[in-house]
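Participant: First, the structure itself, so that you have it in front of you.
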Amino acid sequence: MDMADAAVIKQHLIDPEICIRCNTCEATCPVQAITHDSRNYVVDADKCNFCMACIPPCPTGSIDNWRTLPRIKAYGLAEQLGWDELPAELSPEQMAESGVAADAMPVAEPAAASASASATTGSEAAFNSAQYNATLPPWSAAHAYVNLYGPKAAEKSVTATVTGNVRVTEVGREYDTHHVVLDFGTMPFPVLEGQSIGIVPPGTDAGGRPHHARQYSIASPRNGERPGYNNLSLTIKRVLEDHQGQPVRGVASNYMCDLKVGDTVQVIGPFGTTFLMPNHPKSHLVMICTGTGSAPMRAMTEWRRRLRQSGKFEGGKLMLFFGARTKEELPYFGPLQNLPKDFIDINFAFSRTQGQPKRYVQHTMAERAADLAALLADPNACFYVCGLKAMEEGVVATLRDIARGAGMDWDTVGATLKREGRLHLETY
Ligand SMILES: Cc1cc2nc3c(=O)[nH]c(=O)nc-3n(C[C@H](O)[C@H](O)[C@H](O)COP(=O)(O)OP(=O)(O)OC[C@H]3O[C@@H](n4cnc5c(N)ncnc54)[C@H](O)[C@@H]3O)c2cc1C
Ligand code: SF4
Ligand code: SF4
């Protein structure tokens, strides 16, 4: 049914008190339902089709807000642009005033709310991976600080100094990924593995407005790229063509990849309260990534490696599924090869190796179905997916197929992973 026909809807709204105006949702939305002015980011109720594509990449969770209300009372764009805070849910009396019973079910509602309904159909068309994304961190995750710097904070940004910038992919024509180290000096910037930061590129866009910040996942562990120092690393791919393959020079990625040691950068953040690792002994990590999606996986792996080295971790499995076009384009390929086999179980998938059939991460996951099925059934296992947007659906569908192949009910498994904060998606 078309949204316009629905008597009661769950309207998608953005919390103006938490939103940091990073533009990620607007860039992600496939139907241009999100727009903004200098004040607020807002969702057009007539355009939003509840695809949930904007939910996983939002760094603050402010995008994940819904209000049940009569269709005729849907909040318009102008109204939302004027808000300082979200309106409360309508009272039963207010619903009744519009001729709607308070317990009337919304005809159109977000996929997350109808997760089990669509999953039970079993059809690929109905499969919506985003609905399984956890909105809570694993129970043993450490407390994450967020938004210490940004539009809503006392300090709008913090200055970091570049202390390293090296290329981590082999020199190739199209793919150029850098490992950039930023130092915060004496300024507080506590982070956890899985969080991201925002980089504010200098200058203005074509319309003369200051560039919006771009998000980058932190690639180093909580105690710094160099242990005990107030620094962190990023894994940044230089964008030289857009998603359609047209030549374009990405503003922030090129700025970052060209920085020299000693340069300074304006940073906002940190962001992210859910894509966090478990800290309890014997918790397992299943990390599935492509390209720069390896950044948070590097952070988690390195933290576990440091704990193990100091004898402070009792074990727990680490499984990595890592996809790239070729091994030359795979960031950190060399260092990954040097990690002990009894520490991490690494599975590579290359889609463009000459003379070899195309292999994507899902293929390697299917090959390891027995091990993954055991981890899907294990309450101590957490699953992380990061990288290209295009990978997400196939990866989650493969987890579903593996669960079913092992005789498990995916509805139950998927819902449990989400509820217990054990499946996290961050694709862009
Ligand atoms: C939560 C999150 C974490 C992220 N982590 C990382 C990370 O660790 N490393 C990293 O390199 N990037 C990461 N990104 C992507 C990053 O934020 C930028 O989108 C990316 O660097 C492009 O920015 P730009 O300013 O260079 O390009 P823009 O100037 O913003 O865009 C130029 C053009 O390229 C298109 N485009 C944007 N991004 C890409 C892309 N990745 N591939 C192809 N075309 C693109 C745009 O649609 C536009 O047409 C992350 C994004 C999110 C939401
Ligand atoms: S749920 Fe989908 S359609 Fe709606 S605003 Fe988010 S990305 Fe756009
Ligand atoms: S992605 Fe989230 S924080 Fe960023 S502009 Fe959209 S709602 Fe705001």
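Starting from 1 in every chain, residues are counted up; chains themselves are A, B, ... following the order of the structure tokens, and ligands are numbered from 1 as listed.
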Near Phe321 in chain A, within 6 Å and counting only C-alpha atoms, which residues show up once chain neighbours fewer than 3 positions away are dropped, as number ranges by chain?
Facilitator: A: 288, 347-348
Participant: Within 9 Å of ligand 3, counting only C-alpha atoms and all ligand atoms: which residues, as a PDB file with all heavy atoms, in the first residue's frame?
Facilitator:
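result-v9.pdb, written as the output of this step:
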ATOM      1  N   LEU A  13      11.502  10.273  11.933  1.00  0.00           N
ATOM      2  CA  LEU A  13      11.945  11.615  12.321  1.00  0.00           C
ATOM      3  C   LEU A  13      13.402  11.587  12.796  1.00  0.00           C
ATOM      4  O   LEU A  13      13.910  10.546  13.200  1.00  0.00           O
ATOM      5  CB  LEU A  13      11.056  12.145  13.457  1.00  0.00           C
ATOM      6  CG  LEU A  13       9.552  12.244  13.153  1.00  0.00           C
ATOM      7  CD1 LEU A  13       8.781  12.579  14.417  1.00  0.00           C
ATOM      8  CD2 LEU A  13       9.274  13.275  12.064  1.00  0.00           C
ATOM      9  N   ILE A  14      14.043  12.723  12.742  1.00  0.00           N
ATOM     10  CA  ILE A  14      15.432  12.846  13.204  1.00  0.00           C
ATOM     11  C   ILE A  14      15.452  13.713  14.459  1.00  0.00           C
ATOM     12  O   ILE A  14      14.835  14.791  14.483  1.00  0.00           O
ATOM     13  CB  ILE A  14      16.309  13.470  12.095  1.00  0.00           C
ATOM     14  CG1 ILE A  14      16.386  12.511  10.896  1.00  0.00           C
ATOM     15  CG2 ILE A  14      17.700  13.804  12.614  1.00  0.00           C
ATOM     16  CD1 ILE A  14      17.107  13.073   9.694  1.00  0.00           C
ATOM     17  N   ASP A  15      16.150  13.232  15.473  1.00  0.00           N
ATOM     18  CA  ASP A  15      16.205  13.972  16.739  1.00  0.00           C
ATOM     19  C   ASP A  15      17.159  15.173  16.601  1.00  0.00           C
ATOM     20  O   ASP A  15      18.383  14.994  16.524  1.00  0.00           O
ATOM     21  CB  ASP A  15      16.697  13.027  17.853  1.00  0.00           C
ATOM     22  CG  ASP A  15      16.592  13.678  19.228  1.00  0.00           C
ATOM     23  OD1 ASP A  15      16.562  14.929  19.285  1.00  0.00           O
ATOM     24  OD2 ASP A  15      16.542  12.942  20.221  1.00  0.00           O
ATOM     25  N   PRO A  16      16.625  16.397  16.584  1.00  0.00           N
ATOM     26  CA  PRO A  16      17.495  17.554  16.355  1.00  0.00           C
ATOM     27  C   PRO A  16      18.444  17.837  17.511  1.00  0.00           C
ATOM     28  O   PRO A  16      19.437  18.545  17.350  1.00  0.00           O
ATOM     29  CB  PRO A  16      16.501  18.716  16.171  1.00  0.00           C
ATOM     30  CG  PRO A  16      15.241  18.277  16.822  1.00  0.00           C
ATOM     31  CD  PRO A  16      15.215  16.782  16.786  1.00  0.00           C
ATOM     32  N   ILE A  18      20.229  15.548  19.080  1.00  0.00           N
ATOM     33  CA  ILE A  18      21.395  14.653  19.053  1.00  0.00           C
ATOM     34  C   ILE A  18      22.137  14.722  17.714  1.00  0.00           C
ATOM     35  O   ILE A  18      23.348  14.536  17.652  1.00  0.00           O
ATOM     36  CB  ILE A  18      20.949  13.189  19.308  1.00  0.00           C
ATOM     37  CG1 ILE A  18      20.151  13.085  20.596  1.00  0.00           C
ATOM     38  CG2 ILE A  18      22.163  12.265  19.389  1.00  0.00           C
ATOM     39  CD1 ILE A  18      19.599  11.695  20.857  1.00  0.00           C
ATOM     40  N   CYS A  19      21.406  14.985  16.636  1.00  0.00           N
ATOM     41  CA  CYS A  19      21.997  14.988  15.284  1.00  0.00           C
ATOM     42  C   CYS A  19      23.190  15.941  15.222  1.00  0.00           C
ATOM     43  O   CYS A  19      23.105  17.074  15.701  1.00  0.00           O
ATOM     44  CB  CYS A  19      20.915  15.413  14.292  1.00  0.00           C
ATOM     45  SG  CYS A  19      21.533  15.725  12.650  1.00  0.00           S
ATOM     46  N   ILE A  20      24.283  15.482  14.621  1.00  0.00           N
ATOM     47  CA  ILE A  20      25.469  16.334  14.517  1.00  0.00           C
ATOM     48  C   ILE A  20      25.600  16.954  13.127  1.00  0.00           C
ATOM     49  O   ILE A  20      26.621  17.527  12.785  1.00  0.00           O
ATOM     50  CB  ILE A  20      26.748  15.546  14.849  1.00  0.00           C
ATOM     51  CG1 ILE A  20      26.799  14.279  14.001  1.00  0.00           C
ATOM     52  CG2 ILE A  20      26.838  15.229  16.331  1.00  0.00           C
ATOM     53  CD1 ILE A  20      28.170  13.722  13.833  1.00  0.00           C
ATOM     54  N   ARG A  21      24.556  16.784  12.310  1.00  0.00           N
ATOM     55  CA  ARG A  21      24.537  17.388  10.969  1.00  0.00           C
ATOM     56  C   ARG A  21      25.733  16.939  10.138  1.00  0.00           C
ATOM     57  O   ARG A  21      26.461  17.766   9.572  1.00  0.00           O
ATOM     58  CB  ARG A  21      24.530  18.916  11.070  1.00  0.00           C
ATOM     59  CG  ARG A  21      23.179  19.496  11.476  1.00  0.00           C
ATOM     60  CD  ARG A  21      23.097  19.744  12.948  1.00  0.00           C
ATOM     61  NE  ARG A  21      21.829  20.392  13.312  1.00  0.00           N
ATOM     62  CZ  ARG A  21      21.084  20.002  14.338  1.00  0.00           C
ATOM     63  NH1 ARG A  21      21.440  18.981  15.092  1.00  0.00           N
ATOM     64  NH2 ARG A  21      19.967  20.614  14.604  1.00  0.00           N
ATOM     65  N   CYS A  22      25.962  15.624  10.071  1.00  0.00           N
ATOM     66  CA  CYS A  22      27.134  15.122   9.347  1.00  0.00           C
ATOM     67  C   CYS A  22      26.815  14.793   7.894  1.00  0.00           C
ATOM     68  O   CYS A  22      27.704  14.439   7.124  1.00  0.00           O
ATOM     69  CB  CYS A  22      27.702  13.887  10.052  1.00  0.00           C
ATOM     70  SG  CYS A  22      26.606  12.459   9.935  1.00  0.00           S
ATOM     71  N   ASN A  23      25.557  14.840   7.517  1.00  0.00           N
ATOM     72  CA  ASN A  23      25.117  14.621   6.132  1.00  0.00           C
ATOM     73  C   ASN A  23      25.148  13.157   5.683  1.00  0.00           C
ATOM     74  O   ASN A  23      24.801  12.839   4.549  1.00  0.00           O
ATOM     75  CB  ASN A  23      25.962  15.457   5.156  1.00  0.00           C
ATOM     76  CG  ASN A  23      25.213  15.740   3.872  1.00  0.00           C
ATOM     77  OD1 ASN A  23      24.175  16.401   3.901  1.00  0.00           O
ATOM     78  ND2 ASN A  23      25.698  15.239   2.757  1.00  0.00           N
ATOM     79  N   THR A  24      25.564  12.253   6.551  1.00  0.00           N
ATOM     80  CA  THR A  24      25.691  10.860   6.129  1.00  0.00           C
ATOM     81  C   THR A  24      24.346  10.295   5.672  1.00  0.00           C
ATOM     82  O   THR A  24      24.273   9.616   4.649  1.00  0.00           O
ATOM     83  CB  THR A  24      26.242  10.013   7.302  1.00  0.00           C
ATOM     84  OG1 THR A  24      27.472  10.591   7.702  1.00  0.00           O
ATOM     85  CG2 THR A  24      26.459   8.577   6.895  1.00  0.00           C
ATOM     86  N   CYS A  25      23.284  10.575   6.422  1.00  0.00           N
ATOM     87  CA  CYS A  25      21.982  10.005   6.068  1.00  0.00           C
ATOM     88  C   CYS A  25      21.507  10.535   4.718  1.00  0.00           C
ATOM     89  O   CYS A  25      21.000   9.779   3.888  1.00  0.00           O
ATOM     90  CB  CYS A  25      20.957  10.295   7.154  1.00  0.00           C
ATOM     91  SG  CYS A  25      20.830  12.030   7.594  1.00  0.00           S
ATOM     92  N   GLU A  26      21.700  11.835   4.506  1.00  0.00           N
ATOM     93  CA  GLU A  26      21.237  12.411   3.238  1.00  0.00           C
ATOM     94  C   GLU A  26      22.000  11.788   2.069  1.00  0.00           C
ATOM     95  O   GLU A  26      21.417  11.479   1.027  1.00  0.00           O
ATOM     96  CB  GLU A  26      21.433  13.938   3.265  1.00  0.00           C
ATOM     97  CG  GLU A  26      20.747  14.626   2.104  1.00  0.00           C
ATOM     98  CD  GLU A  26      20.777  16.149   2.202  1.00  0.00           C
ATOM     99  OE1 GLU A  26      20.560  16.681   3.302  1.00  0.00           O
ATOM    100  OE2 GLU A  26      21.020  16.787   1.168  1.00  0.00           O
ATOM    101  N   ALA A  27      23.294  11.552   2.258  1.00  0.00           N
ATOM    102  CA  ALA A  27      24.095  10.946   1.195  1.00  0.00           C
ATOM    103  C   ALA A  27      23.711   9.484   0.980  1.00  0.00           C
ATOM    104  O   ALA A  27      23.897   8.942  -0.105  1.00  0.00           O
ATOM    105  CB  ALA A  27      25.578  11.061   1.542  1.00  0.00           C
ATOM    106  N   THR A  28      23.174   8.836   2.028  1.00  0.00           N
ATOM    107  CA  THR A  28      22.866   7.407   1.945  1.00  0.00           C
ATOM    108  C   THR A  28      21.483   7.132   1.367  1.00  0.00           C
ATOM    109  O   THR A  28      21.294   6.134   0.662  1.00  0.00           O
ATOM    110  CB  THR A  28      22.928   6.775   3.366  1.00  0.00           C
ATOM    111  OG1 THR A  28      24.187   7.084   3.950  1.00  0.00           O
ATOM    112  CG2 THR A  28      22.732   5.270   3.320  1.00  0.00           C
ATOM    113  N   ILE A  34      15.671  12.554   2.567  1.00  0.00           N
ATOM    114  CA  ILE A  34      16.264  13.383   3.635  1.00  0.00           C
ATOM    115  C   ILE A  34      16.789  14.690   3.047  1.00  0.00           C
ATOM    116  O   ILE A  34      17.410  14.703   1.984  1.00  0.00           O
ATOM    117  CB  ILE A  34      17.393  12.615   4.354  1.00  0.00           C
ATOM    118  CG1 ILE A  34      16.819  11.330   4.962  1.00  0.00           C
ATOM    119  CG2 ILE A  34      18.040  13.481   5.428  1.00  0.00           C
ATOM    120  CD1 ILE A  34      17.821  10.441   5.618  1.00  0.00           C
ATOM    121  N   HIS A  36      17.985  19.014   4.348  1.00  0.00           N
ATOM    122  CA  HIS A  36      18.383  19.816   5.507  1.00  0.00           C
ATOM    123  C   HIS A  36      18.419  21.295   5.161  1.00  0.00           C
ATOM    124  O   HIS A  36      18.481  21.672   3.986  1.00  0.00           O
ATOM    125  CB  HIS A  36      19.751  19.367   6.025  1.00  0.00           C
ATOM    126  CG  HIS A  36      20.901  19.769   5.148  1.00  0.00           C
ATOM    127  ND1 HIS A  36      21.290  19.058   4.034  1.00  0.00           N
ATOM    128  CD2 HIS A  36      21.749  20.822   5.222  1.00  0.00           C
ATOM    129  CE1 HIS A  36      22.323  19.634   3.463  1.00  0.00           C
ATOM    130  NE2 HIS A  36      22.628  20.715   4.153  1.00  0.00           N
ATOM    131  N   ASN A  40      18.348  22.073  10.690  1.00  0.00           N
ATOM    132  CA  ASN A  40      18.006  20.675  10.965  1.00  0.00           C
ATOM    133  C   ASN A  40      18.099  19.755   9.748  1.00  0.00           C
ATOM    134  O   ASN A  40      17.946  20.212   8.610  1.00  0.00           O
ATOM    135  CB  ASN A  40      16.552  20.582  11.464  1.00  0.00           C
ATOM    136  CG  ASN A  40      16.416  21.022  12.902  1.00  0.00           C
ATOM    137  OD1 ASN A  40      17.398  21.116  13.630  1.00  0.00           O
ATOM    138  ND2 ASN A  40      15.198  21.306  13.317  1.00  0.00           N
ATOM    139  N   TYR A  41      18.292  18.456  10.035  1.00  0.00           N
ATOM    140  CA  TYR A  41      18.135  17.398   9.037  1.00  0.00           C
ATOM    141  C   TYR A  41      16.756  16.789   9.255  1.00  0.00           C
ATOM    142  O   TYR A  41      16.381  16.506  10.410  1.00  0.00           O
ATOM    143  CB  TYR A  41      19.239  16.334   9.182  1.00  0.00           C
ATOM    144  CG  TYR A  41      20.465  16.703   8.402  1.00  0.00           C
ATOM    145  CD1 TYR A  41      21.292  17.723   8.851  1.00  0.00           C
ATOM    146  CD2 TYR A  41      20.774  16.081   7.188  1.00  0.00           C
ATOM    147  CE1 TYR A  41      22.406  18.114   8.113  1.00  0.00           C
ATOM    148  CE2 TYR A  41      21.886  16.463   6.456  1.00  0.00           C
ATOM    149  CZ  TYR A  41      22.695  17.482   6.918  1.00  0.00           C
ATOM    150  OH  TYR A  41      23.788  17.870   6.182  1.00  0.00           O
ATOM    151  N   VAL A  42      15.995  16.586   8.162  1.00  0.00           N
ATOM    152  CA  VAL A  42      14.604  16.142   8.292  1.00  0.00           C
ATOM    153  C   VAL A  42      14.273  15.082   7.240  1.00  0.00           C
ATOM    154  O   VAL A  42      14.937  14.990   6.211  1.00  0.00           O
ATOM    155  CB  VAL A  42      13.632  17.344   8.147  1.00  0.00           C
ATOM    156  CG1 VAL A  42      13.838  18.350   9.264  1.00  0.00           C
ATOM    157  CG2 VAL A  42      13.779  18.015   6.797  1.00  0.00           C
ATOM    158  N   CYS A  54      19.484   4.278   5.952  1.00  0.00           N
ATOM    159  CA  CYS A  54      20.157   5.374   6.657  1.00  0.00           C
ATOM    160  C   CYS A  54      20.472   5.029   8.111  1.00  0.00           C
ATOM    161  O   CYS A  54      21.226   5.756   8.764  1.00  0.00           O
ATOM    162  CB  CYS A  54      19.288   6.624   6.604  1.00  0.00           C
ATOM    163  SG  CYS A  54      17.645   6.352   7.323  1.00  0.00           S
ATOM    164  N   ILE A  55      19.897   3.959   8.641  1.00  0.00           N
ATOM    165  CA  ILE A  55      20.046   3.691  10.081  1.00  0.00           C
ATOM    166  C   ILE A  55      21.484   3.272  10.452  1.00  0.00           C
ATOM    167  O   ILE A  55      22.095   3.894  11.336  1.00  0.00           O
ATOM    168  CB  ILE A  55      19.026   2.640  10.575  1.00  0.00           C
ATOM    169  CG1 ILE A  55      17.593   3.008  10.144  1.00  0.00           C
ATOM    170  CG2 ILE A  55      19.101   2.443  12.085  1.00  0.00           C
ATOM    171  CD1 ILE A  55      17.024   4.267  10.746  1.00  0.00           C
ATOM    172  N   PRO A  56      22.071   2.244   9.800  1.00  0.00           N
ATOM    173  CA  PRO A  56      23.401   1.814  10.255  1.00  0.00           C
ATOM    174  C   PRO A  56      24.504   2.876  10.164  1.00  0.00           C
ATOM    175  O   PRO A  56      25.313   2.978  11.074  1.00  0.00           O
ATOM    176  CB  PRO A  56      23.724   0.610   9.356  1.00  0.00           C
ATOM    177  CG  PRO A  56      22.410   0.137   8.843  1.00  0.00           C
ATOM    178  CD  PRO A  56      21.540   1.358   8.752  1.00  0.00           C
ATOM    179  N   PRO A  57      24.550   3.711   9.106  1.00  0.00           N
ATOM    180  CA  PRO A  57      25.697   4.638   9.076  1.00  0.00           C
ATOM    181  C   PRO A  57      25.555   5.879   9.942  1.00  0.00           C
ATOM    182  O   PRO A  57      26.524   6.607  10.110  1.00  0.00           O
ATOM    183  CB  PRO A  57      25.808   5.027   7.589  1.00  0.00           C
ATOM    184  CG  PRO A  57      24.516   4.704   6.961  1.00  0.00           C
ATOM    185  CD  PRO A  57      23.802   3.716   7.828  1.00  0.00           C
ATOM    186  N   CYS A  58      24.370   6.161  10.490  1.00  0.00           N
ATOM    187  CA  CYS A  58      24.224   7.373  11.321  1.00  0.00           C
ATOM    188  C   CYS A  58      25.077   7.218  12.585  1.00  0.00           C
ATOM    189  O   CYS A  58      24.908   6.275  13.338  1.00  0.00           O
ATOM    190  CB  CYS A  58      22.760   7.599  11.699  1.00  0.00           C
ATOM    191  SG  CYS A  58      22.544   8.885  12.951  1.00  0.00           S
ATOM    192  N   PRO A  59      26.008   8.143  12.833  1.00  0.00           N
ATOM    193  CA  PRO A  59      26.933   7.955  13.954  1.00  0.00           C
ATOM    194  C   PRO A  59      26.320   8.228  15.322  1.00  0.00           C
ATOM    195  O   PRO A  59      26.924   7.911  16.327  1.00  0.00           O
ATOM    196  CB  PRO A  59      28.049   8.948  13.662  1.00  0.00           C
ATOM    197  CG  PRO A  59      27.397  10.020  12.866  1.00  0.00           C
ATOM    198  CD  PRO A  59      26.313   9.352  12.058  1.00  0.00           C
ATOM    199  N   THR A  60      25.139   8.830  15.363  1.00  0.00           N
ATOM    200  CA  THR A  60      24.597   9.245  16.663  1.00  0.00           C
ATOM    201  C   THR A  60      23.325   8.506  17.068  1.00  0.00           C
ATOM    202  O   THR A  60      22.896   8.610  18.214  1.00  0.00           O
ATOM    203  CB  THR A  60      24.246  10.744  16.634  1.00  0.00           C
ATOM    204  OG1 THR A  60      23.254  10.946  15.606  1.00  0.00           O
ATOM    205  CG2 THR A  60      25.452  11.599  16.340  1.00  0.00           C
ATOM    206  N   GLY A  61      22.690   7.828  16.136  1.00  0.00           N
ATOM    207  CA  GLY A  61      21.417   7.182  16.437  1.00  0.00           C
ATOM    208  C   GLY A  61      20.244   8.143  16.339  1.00  0.00           C
ATOM    209  O   GLY A  61      19.089   7.754  16.521  1.00  0.00           O
ATOM    210  N   SER A  62      20.521   9.407  16.054  1.00  0.00           N
ATOM    211  CA  SER A  62      19.431  10.395  16.005  1.00  0.00           C
ATOM    212  C   SER A  62      18.467  10.127  14.856  1.00  0.00           C
ATOM    213  O   SER A  62      17.333  10.583  14.880  1.00  0.00           O
ATOM    214  CB  SER A  62      19.991  11.811  15.886  1.00  0.00           C
ATOM    215  OG  SER A  62      20.997  11.852  14.914  1.00  0.00           O
ATOM    216  N   ILE A  63      18.897   9.344  13.870  1.00  0.00           N
ATOM    217  CA  ILE A  63      18.060   9.045  12.713  1.00  0.00           C
ATOM    218  C   ILE A  63      16.993   7.990  13.044  1.00  0.00           C
ATOM    219  O   ILE A  63      16.004   7.851  12.337  1.00  0.00           O
ATOM    220  CB  ILE A  63      18.956   8.536  11.545  1.00  0.00           C
ATOM    221  CG1 ILE A  63      18.178   8.429  10.216  1.00  0.00           C
ATOM    222  CG2 ILE A  63      19.557   7.183  11.843  1.00  0.00           C
ATOM    223  CD1 ILE A  63      18.250   9.651   9.405  1.00  0.00           C
ATOM    224  N   ASP A  64      17.190   7.264  14.128  1.00  0.00           N
ATOM    225  CA  ASP A  64      16.338   6.105  14.429  1.00  0.00           C
ATOM    226  C   ASP A  64      15.199   6.507  15.362  1.00  0.00           C
ATOM    227  O   ASP A  64      15.091   6.028  16.485  1.00  0.00           O
ATOM    228  CB  ASP A  64      17.206   5.006  15.055  1.00  0.00           C
ATOM    229  CG  ASP A  64      16.561   3.641  14.943  1.00  0.00           C
ATOM    230  OD1 ASP A  64      15.513   3.521  14.281  1.00  0.00           O
ATOM    231  OD2 ASP A  64      17.118   2.686  15.522  1.00  0.00           O
TER     232      ASP A  64
END
Participant: Within 8 Å of ligand 1, counting only C-alpha atoms and all ligand atoms: which residues, as number ranges by chain?
Facilitator: A: 24, 27, 56-59, 177, 196, 198, 201, 214-219, 234-245, 248-255, 292-296, 387-388, 426-428
Participant: List all protein, DNA and RNA residues that have at least one atom no more than 6 Å from any atom of ligand 2, counting only C-alpha atoms and all ligand atoms, and write them as a list in words.
Facilitator: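 Based on only C-alpha atoms and all ligand atoms, ligand 2 is surrounded within 6 Å by Cys29, Pro30, Val31, Ala33, Ile34, Val43, Cys48, Asn49, Phe50, Cys51, Met52, Ala53 and Cys54 of chain A.
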Participant: If you count only C-alpha atoms, which residues fall within 7 Å of range 327-335 of chain A, apart from same-chain ones fewer than 6 positions away, as a ChimeraX atom specification?
Facilitator: /A:168-170,175,177,291,350
Participant: Give me, as a ChimeraX atom specification, all polymer residues having an atom no more than 12 Å from Pro92 in chain A, counting only C-alpha atoms and skipping those fewer than 4 positions away in the same chain.
Facilitator: /A:68-70,96-104
Participant: Please report the interatomic distance between CA of Ala141 in chain A and CA of Pro278 in chain A in Å with one decimal.
Facilitator: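 Computing it gives 4.7 Å between the two atoms.
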Participant: Please run DSSP on the backbone and report, as a list in words, all residues within range 237-336 of chain A that come out as alpha helix (DSSP H).
Facilitator: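 Filtering range 237-336 of chain A down to alpha helix (DSSP H) leaves Val251, Ala252, Ser253, Asn254, Tyr255, Met256, Cys257, Ser294, Ala295, Pro296, Met297, Arg298, Ala299, Met300, Thr301, Glu302, Trp303, Arg304, Arg305, Arg306, Leu307, Arg308, Gln309, Phe333, Gly334, Pro335 and Leu336 of chain A.
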Participant: Using only C-alpha atoms, which of A:Met319, A:Ile268, A:Ala403, A:Ala397 sits nearest Phe127 in chain A?
Facilitator: A:Ala397
Participant: Any idea what the distance is between CA of Thr264 in chain A and CA of Met300 in chain A?
Facilitator: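 Calculated distance between CA of Thr264 in chain A and CA of Met300 in chain A is 26.5 Å.
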Participant: Which is closest to Ala213 in chain A among A:Asn231, A:Ser157, A:Asn128, A:Gln195, if we use only C-alpha atoms?
Facilitator: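 Between A:Asn231, A:Ser157, A:Asn128, A:Gln195, the residue approaching Ala213 in chain A most closely is A:Ser157.
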Participant: Have a look at CA of Met105 in chain A and CA of Leu136 in chain A and let me know their distance in Å, one decimal.
Facilitator: 25.7 Å
Participant: Which residues are close to Arg67 in chain A, i.e. within 9 Å by only C-alpha atoms, leaving aside same-chain residues fewer than 6 positions away? Reply as a list in words.
Facilitator: Ile9, Lys10, Gln11, His12, Leu13, Pro87, Ala88, Glu89 and Leu90 of chain A
Participant: Using DSSP assignments from the backbone, pull out every residue in range 251-341 of chain A that falls under strand (DSSP E) and give it to me as a VMD selection string.
Facilitator: chain A and resid 264 to 271 284 to 290 318 to 324
Participant: Which polymer residues have any atom within 8 Å of an atom of Asn279 in chain A, counting only C-alpha atoms, with same-chain residues fewer than 2 positions away left out, as a short mmCIF file (atom, residue, chain, number, x, y, z; two decimals) with all heavy atoms, in the first residue's frame?
Facilitator:
data_model
loop_
_atom_site.label_atom_id
_atom_site.label_comp_id
_atom_site.auth_asym_id
_atom_site.auth_seq_id
_atom_site.Cartn_x
_atom_site.Cartn_y
_atom_site.Cartn_z
N SER A 140 29.15 -6.51 27.42
CA SER A 140 30.42 -6.25 28.12
C SER A 140 31.24 -5.14 27.46
O SER A 140 32.40 -4.94 27.82
CB SER A 140 31.24 -7.54 28.18
OG SER A 140 31.58 -7.97 26.87
N ALA A 141 30.65 -4.41 26.51
CA ALA A 141 31.40 -3.32 25.87
C ALA A 141 31.72 -2.23 26.90
O ALA A 141 30.96 -2.01 27.85
CB ALA A 141 30.56 -2.71 24.74
N ALA A 142 32.85 -1.56 26.69
CA ALA A 142 33.22 -0.45 27.57
C ALA A 142 32.35 0.76 27.24
O ALA A 142 31.73 0.83 26.18
CB ALA A 142 34.69 -0.11 27.38
N MET A 277 33.20 -3.60 20.69
CA MET A 277 33.55 -5.00 20.90
C MET A 277 33.22 -5.48 22.32
O MET A 277 33.21 -4.68 23.26
CB MET A 277 35.03 -5.24 20.59
CG MET A 277 35.99 -4.49 21.48
SD MET A 277 37.69 -4.64 20.89
CE MET A 277 38.04 -6.35 21.27
N PRO A 281 35.91 -12.29 28.87
CA PRO A 281 36.81 -13.36 28.45
C PRO A 281 36.06 -14.40 27.63
O PRO A 281 34.90 -14.67 27.89
CB PRO A 281 37.30 -13.98 29.76
CG PRO A 281 36.99 -12.98 30.81
CD PRO A 281 35.83 -12.18 30.33
N SER A 283 34.89 -14.19 24.73
CA SER A 283 33.93 -13.71 23.73
C SER A 283 34.60 -13.80 22.36
O SER A 283 35.80 -13.54 22.21
CB SER A 283 33.49 -12.28 24.03
OG SER A 283 34.60 -11.43 24.22
#
Participant: When you count only C-alpha atoms, which of these residues is closest to Tyr384 in chain A: A:His284, A:Lys156, A:Lys341, A:Arg71?
Facilitator: A:His284
Participant: Pick the closest to His211 in chain A from A:Gln266, A:Lys317, A:Ala154, A:His143: which is it, counting only C-alpha atoms?
Facilitator: A:Gln266
Participant: For Asp371 in chain A, which residue out of A:Met408, A:Leu336, A:Ala206, A:Val286 is the nearest one, using only C-alpha atoms?
Facilitator: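 Nearest to Asp371 in chain A: A:Val286.
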